[in-house]
>>> print(open('work26.csv').read())   # CSV, C-alpha atoms
chain,number,residue,atom,x,y,z
A,1,MET,CA,26.0,10.7,26.7
A,2,PRO,CA,26.8,11.5,23.0
A,3,GLU,CA,25.0,8.2,22.1
A,4,GLN,CA,21.8,9.4,23.9
A,5,LEU,CA,22.0,12.8,22.3
A,6,ILE,CA,22.3,11.4,18.8
A,7,PHE,CA,19.5,8.9,19.4
A,8,GLY,CA,17.4,11.8,20.8
A,9,MET,CA,18.0,13.8,17.6
A,10,GLU,CA,17.1,10.8,15.5
A,11,VAL,CA,13.8,10.4,17.4
A,12,PHE,CA,13.1,14.2,17.0
A,13,LEU,CA,13.6,14.0,13.2
A,14,ASN,CA,11.5,10.9,12.9
A,15,GLY,CA,8.8,12.7,14.9
A,16,LEU,CA,9.0,15.7,12.5
A,17,MET,CA,8.5,13.4,9.5
A,18,ALA,CA,5.6,11.6,11.1
A,19,GLY,CA,4.1,15.0,12.0
A,20,VAL,CA,4.2,16.1,8.4
A,21,LEU,CA,2.2,13.0,7.4
A,22,TYR,CA,-0.3,13.6,10.2
A,23,ALA,CA,-0.7,17.2,9.0
A,24,LEU,CA,-1.3,16.0,5.5
A,25,VAL,CA,-4.2,13.9,6.7
A,26,ALA,CA,-5.6,16.7,8.9
A,27,LEU,CA,-5.6,19.1,5.9
A,28,GLY,CA,-8.3,17.0,4.2
A,29,PHE,CA,-10.5,17.6,7.2
A,30,VAL,CA,-9.7,21.3,7.4
A,31,LEU,CA,-10.4,22.0,3.7
A,32,ILE,CA,-13.8,20.5,3.7
A,33,TYR,CA,-14.7,22.0,7.1
A,34,LYS,CA,-13.7,25.5,6.0
A,35,ALA,CA,-15.7,25.4,2.8
A,36,SER,CA,-18.9,23.6,4.0
A,37,GLY,CA,-18.9,23.3,7.7
A,38,ILE,CA,-18.9,19.5,7.4
A,39,PHE,CA,-16.6,17.4,9.6
A,40,ASN,CA,-15.7,14.7,7.1
A,41,TYR,CA,-15.4,11.5,9.2
A,42,ALA,CA,-14.8,9.7,5.8
A,43,GLN,CA,-11.4,11.3,5.1
A,44,GLY,CA,-9.5,8.3,6.4
A,45,VAL,CA,-11.6,5.9,4.4
A,46,MET,CA,-11.1,8.1,1.3
A,47,ALA,CA,-7.3,7.5,1.8
A,48,LEU,CA,-8.0,3.7,1.9
A,49,PHE,CA,-10.4,3.8,-1.1
A,50,SER,CA,-7.9,5.8,-3.2
A,51,ALA,CA,-5.1,3.4,-2.3
A,52,LEU,CA,-7.2,0.3,-3.1
A,53,THR,CA,-8.2,1.9,-6.4
A,54,LEU,CA,-4.6,2.8,-7.3
A,55,VAL,CA,-3.4,-0.8,-6.6
A,56,GLY,CA,-6.4,-2.2,-8.6
A,57,ILE,CA,-5.7,0.0,-11.6
A,58,MET,CA,-1.9,-0.7,-11.5
A,59,GLU,CA,-2.5,-4.5,-11.4
A,60,GLY,CA,-5.1,-4.4,-14.2
A,61,GLN,CA,-7.7,-5.8,-11.8
A,62,VAL,CA,-11.4,-5.9,-12.9
A,63,PRO,CA,-13.5,-3.8,-10.6
A,64,PHE,CA,-16.2,-5.9,-8.8
A,65,GLY,CA,-14.5,-9.0,-10.2
A,66,HIS,CA,-15.3,-11.1,-7.1
A,67,LEU,CA,-19.0,-10.1,-7.3
A,68,ILE,CA,-19.2,-10.8,-11.0
A,69,ASN,CA,-17.7,-14.2,-10.5
A,70,ALA,CA,-20.0,-15.0,-7.7
A,71,ILE,CA,-23.2,-14.0,-9.6
A,72,PHE,CA,-22.4,-15.4,-13.1
A,73,GLY,CA,-20.0,-18.2,-12.2
A,74,THR,CA,-17.2,-16.8,-14.2
A,75,GLU,CA,-13.5,-16.7,-13.4
A,76,ILE,CA,-12.6,-13.1,-14.2
A,77,HIS,CA,-9.4,-11.9,-12.4
A,78,GLY,CA,-7.9,-9.2,-14.4
A,79,PHE,CA,-7.5,-7.5,-17.8
A,80,GLY,CA,-4.1,-9.1,-18.4
A,81,TRP,CA,-2.0,-5.9,-18.3
A,82,HIS,CA,-0.4,-3.6,-15.8
A,83,VAL,CA,-0.7,0.2,-15.8
A,84,PRO,CA,2.4,2.3,-15.1
A,85,ALA,CA,2.4,4.0,-11.7
A,86,PHE,CA,2.1,7.6,-13.0
A,87,ALA,CA,-0.8,6.8,-15.3
A,88,ALA,CA,-2.5,4.8,-12.6
A,89,ILE,CA,-2.2,7.8,-10.2
A,90,LEU,CA,-3.8,10.1,-12.8
A,91,LEU,CA,-6.7,7.6,-13.3
A,92,THR,CA,-7.2,7.2,-9.6
A,93,MET,CA,-7.3,11.0,-9.3
A,94,GLY,CA,-10.0,11.0,-11.9
A,95,VAL,CA,-11.9,8.4,-9.8
A,96,MET,CA,-11.6,10.7,-6.7
A,97,ILE,CA,-12.9,13.7,-8.7
A,98,LEU,CA,-15.9,11.6,-9.9
A,99,LEU,CA,-16.5,10.5,-6.3
A,100,ALA,CA,-16.5,14.2,-5.3
A,101,VAL,CA,-19.1,15.0,-7.9
A,102,ILE,CA,-21.3,12.0,-6.8
A,103,VAL,CA,-21.0,12.8,-3.1
A,104,GLN,CA,-22.0,16.5,-3.7
A,105,LYS,CA,-24.8,15.7,-6.2
A,106,CYS,CA,-26.3,12.7,-4.4
A,107,VAL,CA,-25.7,13.4,-0.7
A,108,PHE,CA,-24.7,16.9,0.5
A,109,ARG,CA,-26.7,18.9,-2.0
A,110,HIS,CA,-29.8,17.6,-0.3
A,111,LEU,CA,-28.6,18.4,3.2
A,112,VAL,CA,-27.9,22.1,2.7
A,113,GLY,CA,-29.1,23.9,5.8
A,114,GLN,CA,-29.3,20.9,8.0
A,115,GLU,CA,-27.9,20.7,11.5
A,116,PRO,CA,-24.1,19.9,11.8
A,117,ILE,CA,-24.8,16.6,13.6
A,118,ILE,CA,-26.9,15.4,10.5
A,119,LEU,CA,-24.0,16.3,8.2
A,120,PHE,CA,-21.6,14.5,10.5
A,121,MET,CA,-23.7,11.4,10.5
A,122,ALA,CA,-23.9,11.6,6.7
A,123,THR,CA,-20.1,11.4,6.6
A,124,ILE,CA,-20.1,8.4,8.9
A,125,GLY,CA,-22.5,6.7,6.5
A,126,LEU,CA,-20.3,7.7,3.6
A,127,ALA,CA,-17.3,6.2,5.4
A,128,TYR,CA,-18.9,2.8,5.9
A,129,PHE,CA,-20.3,2.9,2.3
A,130,LEU,CA,-16.9,3.6,0.8
A,131,GLU,CA,-15.3,0.9,2.9
A,132,GLY,CA,-17.8,-1.6,1.7
A,133,VAL,CA,-17.6,-0.5,-1.9
A,134,GLY,CA,-13.8,-0.7,-1.8
A,135,ASP,CA,-14.0,-4.2,-0.4
A,136,ILE,CA,-16.4,-5.4,-3.1
A,137,MET,CA,-14.5,-3.6,-5.9
A,138,TRP,CA,-11.0,-4.7,-5.1
A,139,GLY,CA,-11.1,-7.4,-2.4
A,140,SER,CA,-10.2,-7.3,1.2
A,141,GLU,CA,-6.8,-8.9,1.2
A,142,ILE,CA,-3.7,-6.9,2.1
A,143,LYS,CA,-2.1,-5.4,-1.0
A,144,LYS,CA,1.4,-4.3,-1.7
A,145,LEU,CA,1.7,-0.8,-3.1
A,146,ASP,CA,4.8,0.2,-5.1
A,147,VAL,CA,4.8,3.4,-7.1
A,148,GLY,CA,8.6,3.7,-7.3
A,149,LEU,CA,9.3,5.2,-3.9
A,150,PRO,CA,12.4,3.8,-2.2
A,151,GLN,CA,11.8,0.8,0.1
A,152,GLY,CA,13.4,-2.4,1.2
A,153,ILE,CA,16.9,-2.9,2.7
A,154,ASN,CA,19.6,-1.1,0.8
A,155,THR,CA,22.3,0.7,2.6
A,156,LEU,CA,22.8,3.3,-0.2
A,157,ILE,CA,19.1,3.9,-1.0
A,158,ASP,CA,16.9,3.1,1.9
A,159,GLU,CA,19.1,4.3,4.7
A,160,THR,CA,21.0,7.5,5.1
A,161,THR,CA,23.8,7.4,7.7
A,162,PHE,CA,25.6,10.3,9.3
A,163,GLY,CA,28.4,9.5,11.6
A,164,TRP,CA,28.9,11.9,14.6
A,165,PHE,CA,31.1,11.2,17.5
A,166,GLY,CA,31.5,7.6,16.2
A,167,TYR,CA,27.8,6.9,16.4
A,168,GLY,CA,25.4,6.1,13.5
A,169,PHE,CA,22.4,8.2,12.7
A,170,PHE,CA,19.8,6.4,10.7
A,171,ILE,CA,16.8,7.7,8.8
A,172,ASP,CA,14.7,5.6,6.4
A,173,ASN,CA,14.8,7.0,2.9
A,174,LEU,CA,11.1,6.3,2.4
A,175,ASP,CA,10.3,8.6,5.4
A,176,ILE,CA,12.5,11.3,3.9
A,177,VAL,CA,10.8,11.1,0.5
A,178,ALA,CA,7.3,11.0,2.1
A,179,THR,CA,8.1,14.0,4.2
A,180,VAL,CA,9.4,16.0,1.2
A,181,ILE,CA,6.3,15.2,-0.9
A,182,ALA,CA,4.0,16.0,2.0
A,183,ALA,CA,5.8,19.3,2.8
A,184,LEU,CA,5.5,20.3,-0.9
A,185,LEU,CA,1.8,19.4,-1.0
A,186,VAL,CA,1.1,21.3,2.2
A,187,THR,CA,2.9,24.4,0.9
A,188,ALA,CA,1.0,24.1,-2.4
A,189,LEU,CA,-2.3,23.9,-0.5
A,190,VAL,CA,-1.5,27.0,1.6
A,191,ILE,CA,-0.6,28.9,-1.6
A,192,PHE,CA,-3.8,27.7,-3.3
A,193,ALA,CA,-6.0,28.7,-0.3
A,194,GLN,CA,-4.4,32.1,0.1
A,195,TYR,CA,-3.5,33.4,-3.3
A,196,THR,CA,-5.7,31.8,-6.0
A,197,LYS,CA,-9.1,32.9,-7.2
A,198,GLN,CA,-10.5,29.4,-6.3
A,199,GLY,CA,-8.9,29.6,-2.9
A,200,ARG,CA,-10.5,33.0,-2.2
A,201,ALA,CA,-13.8,31.7,-3.3
A,202,MET,CA,-13.4,28.8,-0.9
A,203,ARG,CA,-12.7,31.1,2.0
A,204,ALA,CA,-15.6,33.3,1.0
A,205,VAL,CA,-18.0,30.4,1.1
A,206,ALA,CA,-16.6,29.4,4.4
A,207,ASP,CA,-17.2,32.8,5.9
A,208,ASP,CA,-20.8,33.3,4.6
A,209,HIS,CA,-22.7,31.2,2.1
A,210,GLN,CA,-25.3,33.8,1.3
A,211,ALA,CA,-22.7,36.6,0.7
A,212,ALA,CA,-20.7,34.3,-1.5
A,213,LEU,CA,-23.9,33.5,-3.6
A,214,SER,CA,-24.6,37.3,-3.9
A,215,VAL,CA,-21.3,37.9,-5.6
A,216,GLY,CA,-21.7,35.1,-8.1
A,217,ILE,CA,-19.8,32.3,-6.4
A,218,SER,CA,-21.2,28.8,-7.1
A,219,LEU,CA,-21.5,26.8,-3.9
A,220,ASN,CA,-21.8,23.5,-5.9
A,221,PHE,CA,-18.6,24.3,-7.8
A,222,VAL,CA,-16.7,25.2,-4.6
A,223,TRP,CA,-17.9,22.1,-2.7
A,224,VAL,CA,-17.0,19.8,-5.6
A,225,MET,CA,-13.6,21.5,-5.9
A,226,VAL,CA,-12.9,21.1,-2.2
A,227,TRP,CA,-14.0,17.5,-2.1
A,228,SER,CA,-11.8,16.9,-5.1
A,229,VAL,CA,-8.8,18.5,-3.4
A,230,ALA,CA,-9.5,16.5,-0.3
A,231,GLY,CA,-9.6,13.4,-2.4
A,232,PHE,CA,-6.2,14.3,-3.9
A,233,VAL,CA,-4.9,14.8,-0.3
A,234,ALA,CA,-6.4,11.4,0.6
A,235,LEU,CA,-4.7,9.8,-2.4
A,236,VAL,CA,-1.3,11.2,-1.5
A,237,ALA,CA,-1.8,10.1,2.2
A,238,GLY,CA,-2.9,6.6,1.0
A,239,ILE,CA,0.2,6.3,-1.2
A,240,MET,CA,2.5,7.2,1.6
A,241,TRP,CA,1.0,5.1,4.3
A,242,GLY,CA,0.1,2.2,1.9
A,243,THR,CA,3.7,2.1,0.7
A,244,LYS,CA,5.0,2.0,4.2
A,245,SER,CA,2.6,-0.6,5.7
A,246,GLY,CA,0.7,-2.1,2.9
A,247,VAL,CA,-2.9,-1.3,1.7
A,248,GLN,CA,-5.2,-2.8,4.3
A,249,PHE,CA,-8.4,-1.8,5.9
A,250,SER,CA,-6.7,-0.5,9.0
A,251,LEU,CA,-5.3,2.3,6.8
A,252,SER,CA,-8.6,4.1,7.4
A,253,LEU,CA,-7.7,4.5,11.0
A,254,ILE,CA,-5.1,7.2,10.2
A,255,ALA,CA,-8.1,9.6,10.4
A,256,LEU,CA,-8.3,8.9,14.1
A,257,LYS,CA,-4.7,10.2,14.5
A,258,ALA,CA,-5.6,13.4,12.7
A,259,LEU,CA,-8.3,14.2,15.3
A,260,PRO,CA,-5.8,15.3,18.0
A,261,VAL,CA,-4.0,17.3,15.3
A,262,LEU,CA,-7.2,19.2,14.5
A,263,MET,CA,-7.9,19.8,18.2
A,264,LEU,CA,-4.5,21.3,18.7
A,265,GLY,CA,-4.4,23.4,15.5
A,266,GLY,CA,-8.1,24.3,15.2
A,267,PHE,CA,-10.6,22.9,12.8
A,268,THR,CA,-10.6,25.9,10.5
A,269,SER,CA,-6.8,26.7,10.2
A,270,ILE,CA,-4.5,25.3,7.5
A,271,PRO,CA,-1.4,26.6,9.4
A,272,GLY,CA,-2.9,25.1,12.5
A,273,ALA,CA,-3.1,21.6,10.9
A,274,ILE,CA,0.6,21.9,10.0
A,275,VAL,CA,1.7,23.1,13.5
A,276,GLY,CA,-0.6,20.6,15.2
A,277,GLY,CA,0.8,17.7,13.2
A,278,LEU,CA,4.4,18.6,14.0
A,279,ILE,CA,3.6,19.0,17.7
A,280,ILE,CA,1.8,15.6,17.8
A,281,GLY,CA,4.5,13.8,15.7
A,282,VAL,CA,7.5,15.2,17.7
A,283,GLY,CA,5.7,15.0,21.0
A,284,GLU,CA,4.7,11.4,20.8
A,285,LYS,CA,8.2,10.3,19.7
A,286,LEU,CA,10.0,12.2,22.4
A,287,PHE,CA,7.5,11.2,25.1
A,288,GLU,CA,8.0,7.6,24.1
A,289,PHE,CA,11.8,8.1,24.1
A,290,ALA,CA,12.0,9.9,27.5
A,291,ILE,CA,9.0,8.6,29.5
A,292,GLY,CA,8.0,5.4,27.8
A,293,PRO,CA,10.5,3.1,29.5
A,294,MET,CA,9.4,4.4,32.9
A,295,VAL,CA,5.7,3.5,32.3
A,296,GLY,CA,6.0,0.3,30.3
A,297,GLY,CA,6.1,1.8,26.8
A,298,ALA,CA,3.3,2.0,24.2
A,299,THR,CA,2.8,5.7,25.0
A,300,GLU,CA,2.4,6.6,21.3
A,301,ASN,CA,-1.0,5.0,21.4
A,302,TRP,CA,-2.5,7.5,23.8
A,303,PHE,CA,-0.2,10.5,24.1
A,304,ALA,CA,-1.8,12.5,21.3
A,305,TYR,CA,-5.3,12.0,22.7
A,306,VAL,CA,-4.3,13.0,26.2
A,307,LEU,CA,-2.6,16.2,24.8
A,308,ALA,CA,-5.8,16.9,22.8
A,309,LEU,CA,-7.9,16.5,25.9
A,310,ILE,CA,-5.8,19.0,27.8
A,311,PHE,CA,-6.3,21.5,24.9
A,312,LEU,CA,-10.0,20.9,24.9
A,313,VAL,CA,-10.1,21.8,28.6
A,314,PHE,CA,-8.0,24.9,28.5
A,315,ARG,CA,-8.2,26.1,24.9
A,316,PRO,CA,-11.1,24.3,23.0
A,317,GLN,CA,-10.6,26.4,19.8
A,318,GLY,CA,-7.1,25.1,19.4
A,319,LEU,CA,-3.9,27.2,18.8
A,320,PHE,CA,-5.1,28.9,15.6
A,321,GLY,CA,-8.9,28.2,15.6
A,322,GLU,CA,-11.5,31.0,15.8
A,323,LYS,CA,-13.1,31.6,19.2
A,324,ILE,CA,-16.8,31.9,18.5
A,325,ILE,CA,-18.9,33.8,20.9
A,326,GLU,CA,-22.7,33.6,20.6
A,327,ARG,CA,-24.9,36.0,22.4
A,328,VAL,CA,-28.2,34.7,23.7
>>> encode(input="work26.csv", output="structure tokens")
Amino acid sequence: MPEQLIFGMEVFLNGLMAGVLYALVALGFVLIYKASGIFNYAQGVMALFSALTLVGIMEGQVPFGHLINAIFGTEIHGFGWHVPAFAAILLTMGVMILLAVIVQKCVFRHLVGQEPIILFMATIGLAYFLEGVGDIMWGSEIKKLDVGLPQGINTLIDETTFGWFGYGFFIDNLDIVATVIAALLVTALVIFAQYTKQGRAMRAVADDHQAALSVGISLNFVWVMVWSVAGFVALVAGIMWGTKSGVQFSLSLIALKALPVLMLGGFTSIPGAIVGGLIIGVGEKLFEFAIGPMVGGATENWFAYVLALIFLVFRPQGLFGEKIIERV
């Protein structure tokens, strides 16, 4: 019995840590949706693109090197130097800000006032475009990402052990660090949205575009700012997931796991994204622990979506979302 209890506590804590990472990805969706009403399907691909760019910069890889070699018959592979992790992260953030400006100026500025489905389709196009550009720029092979976070097998560094009742309690140190960083970022984003001038401008734009314009708030500035912040969130998510499982094109699928989080928490609520992520993370781990063996396992693949479906039936606005009533 004590062994089962300790193992259940271990599963619970691992679920909390996974939930914080889910919430981090979901926050990128919430920020853009709150400021512009756009459901950004490309958020997961932005995490992939930022991780690919980070690895390419750290390794001193020449962007579009494969394409240049194919066209001109050269054998360019790299600049011959490696960039420190911190400097590479700053450069990658600069790339994500530039991407935010380009996306706003070249795509969404021309779609102001369009139906939501058109904006959604634009983000789908943007997702596939970024995935293709990332492939051409940096190559499609699986890449190892190491920015100094603890990883590998080391009893003192990569595994923290607590002995209760004679049983071991194991938590991967990489998960602990990722959770702390994600929690700090989530807290910073909440403070930013609630207490800063830019955060208030973002909420004003989300409430009423015309009213925000009438008090001198620049929609273009707010949208570029929000896409830049979403890009930073995508970069952090890409670093965490890329360090854990390698930078590969399946990394873009983490966006799909954020969808149930949004359905639970509400598409317009930052606290909702946090609570929804924790519910999904803990729920799927405990369900797999308690029910999985009875039904053949692999319940983590579908638990979150079934839970989201139940919420859509009984509370479609989510736990913290706004219930919109339209009179006709």
>>> closest_residue(input="work26.csv", among="A:Ile76, A:Ile89, A:Val107, A:Val20", to="Val62 in chain A", atoms="only C-alpha atoms")
A:Ile76
>>> atom_distance(input="work26.csv", atom1="CA of Lys105 in chain A", atom2="CA of Leu219 in chain A")
11.8 Å
>>> closest_residue(input="work26.csv", among="A:Leu27, A:Ile6, A:Val11, A:Ala35", to="Gly272 in chain A", atoms="only C-alpha atoms")
A:Leu27
>>> residues_around(input="work26.csv", residues="Ala26 in chain A", least_positions_apart="6", cutoff="12 Å", atoms="only C-alpha atoms", output="ChimeraX atom specification")
/A:19-20,32-33,39-44,47,182,186,230,233-234,237,254-278,280
>>> atom_distance(input="work26.csv", atom1="CA of Ala212 in chain A", atom2="CA of Phe120 in chain A")
23.2 Å
>>> atom_distance(input="work26.csv", atom1="CA of Gly242 in chain A", atom2="CA of Lys285 in chain A")
21.2 Å
>>> residues_near_point(input="work26.csv", point="(1.0, 14.2, 19.7)", cutoff="7 Å", atoms="all atoms listed in the file", output="VMD selection string")
chain A and resid 279 to 284 303 to 304 307
>>> residues_around(input="work26.csv", residues="Leu235 in chain A", least_positions_apart="2", cutoff="8 Å", atoms="all atoms listed in the file", output="number ranges by chain")
A: 46-47, 50-51, 93, 231-233, 237-239
>>> closest_residue(input="work26.csv", among="A:Tyr128, A:Trp138, A:Phe192, A:Tyr22", to="Gln61 in chain A", atoms="all atoms listed in the file")
A:Trp138
>>> residues_around(input="work26.csv", residues="Gly134 in chain A", least_positions_apart="5", cutoff="9 Å", atoms="all atoms listed in the file", output="ChimeraX atom specification")
/A:48-50,52-53,129,139-140
>>> closest_residue(input="work26.csv", among="A:Leu90, A:Val25, A:Leu5, A:Ala201", to="Ile57 in chain A", atoms="only C-alpha atoms")
A:Leu90
>>> closest_residue(input="work26.csv", among="A:Ala290, A:Met137, A:Ile142, A:Ala100", to="Phe221 in chain A", atoms="only C-alpha atoms")
A:Ala100
>>> decode(input="work26.csv", residues="range 244-254 of chain A", atoms="all heavy atoms", output="tab-separated table (two decimals), in the first residue's frame")
chain	number	residue	atom	x	y	z
A	244	LYS	N	13.99	17.96	-24.29
A	244	LYS	CA	13.47	16.69	-23.75
A	244	LYS	C	13.45	15.58	-24.79
A	244	LYS	O	13.83	14.45	-24.52
A	244	LYS	CB	12.04	16.93	-23.22
A	244	LYS	CG	11.50	15.80	-22.36
A	244	LYS	CD	10.13	16.19	-21.84
A	244	LYS	CE	9.57	15.12	-20.90
A	244	LYS	NZ	10.32	15.03	-19.65
A	245	SER	N	13.02	15.91	-26.02
A	245	SER	CA	12.82	14.85	-27.02
A	245	SER	C	13.51	15.11	-28.35
A	245	SER	O	13.26	14.39	-29.31
A	245	SER	CB	11.32	14.65	-27.26
A	245	SER	OG	10.70	15.86	-27.66
A	246	GLY	N	14.36	16.14	-28.42
A	246	GLY	CA	15.02	16.45	-29.68
A	246	GLY	C	14.17	17.37	-30.54
A	246	GLY	O	12.94	17.38	-30.44
A	247	VAL	N	14.84	18.16	-31.39
A	247	VAL	CA	14.12	19.07	-32.27
A	247	VAL	C	13.79	18.33	-33.55
A	247	VAL	O	14.66	18.05	-34.37
A	247	VAL	CB	14.98	20.33	-32.58
A	247	VAL	CG1	14.21	21.26	-33.51
A	247	VAL	CG2	15.33	21.05	-31.29
A	248	GLN	N	12.53	18.00	-33.70
A	248	GLN	CA	12.04	17.28	-34.86
A	248	GLN	C	10.69	17.82	-35.24
A	248	GLN	O	10.05	18.54	-34.46
A	248	GLN	CB	11.97	15.79	-34.56
A	248	GLN	CG	11.23	15.46	-33.27
A	248	GLN	CD	11.39	14.03	-32.87
A	248	GLN	OE1	11.24	13.14	-33.69
A	248	GLN	NE2	11.69	13.77	-31.60
A	249	PHE	N	10.21	17.48	-36.42
A	249	PHE	CA	9.01	18.13	-36.93
A	249	PHE	C	7.75	17.70	-36.19
A	249	PHE	O	6.73	18.37	-36.29
A	249	PHE	CB	8.90	17.90	-38.43
A	249	PHE	CG	9.74	18.85	-39.23
A	249	PHE	CD1	11.11	18.66	-39.34
A	249	PHE	CD2	9.19	19.97	-39.82
A	249	PHE	CE1	11.91	19.55	-40.04
A	249	PHE	CE2	9.97	20.87	-40.51
A	249	PHE	CZ	11.34	20.66	-40.62
A	250	SER	N	7.80	16.61	-35.44
A	250	SER	CA	6.66	16.25	-34.60
A	250	SER	C	6.49	17.22	-33.44
A	250	SER	O	5.46	17.23	-32.76
A	250	SER	CB	6.83	14.82	-34.07
A	250	SER	OG	8.00	14.73	-33.27
A	251	LEU	N	7.50	18.07	-33.20
A	251	LEU	CA	7.41	19.08	-32.13
A	251	LEU	C	6.24	20.02	-32.35
A	251	LEU	O	5.65	20.53	-31.40
A	251	LEU	CB	8.72	19.87	-32.07
A	251	LEU	CG	8.87	20.92	-30.97
A	251	LEU	CD1	8.85	20.26	-29.60
A	251	LEU	CD2	10.17	21.69	-31.15
A	252	SER	N	5.87	20.25	-33.61
A	252	SER	CA	4.76	21.16	-33.90
A	252	SER	C	3.43	20.61	-33.40
A	252	SER	O	2.46	21.37	-33.25
A	252	SER	CB	4.66	21.41	-35.41
A	252	SER	OG	4.40	20.21	-36.10
A	253	LEU	N	3.36	19.31	-33.10
A	253	LEU	CA	2.11	18.70	-32.66
A	253	LEU	C	1.77	19.03	-31.22
A	253	LEU	O	0.68	18.68	-30.75
A	253	LEU	CB	2.18	17.17	-32.85
A	253	LEU	CG	2.39	16.69	-34.28
A	253	LEU	CD1	2.45	15.16	-34.33
A	253	LEU	CD2	1.27	17.20	-35.20
A	254	ILE	N	2.69	19.69	-30.49
A	254	ILE	CA	2.36	20.07	-29.12
A	254	ILE	C	1.19	21.05	-29.09
A	254	ILE	O	0.49	21.16	-28.08
A	254	ILE	CB	3.57	20.68	-28.39
A	254	ILE	CG1	4.05	21.95	-29.08
A	254	ILE	CG2	4.69	19.69	-28.26
A	254	ILE	CD1	5.14	22.68	-28.32
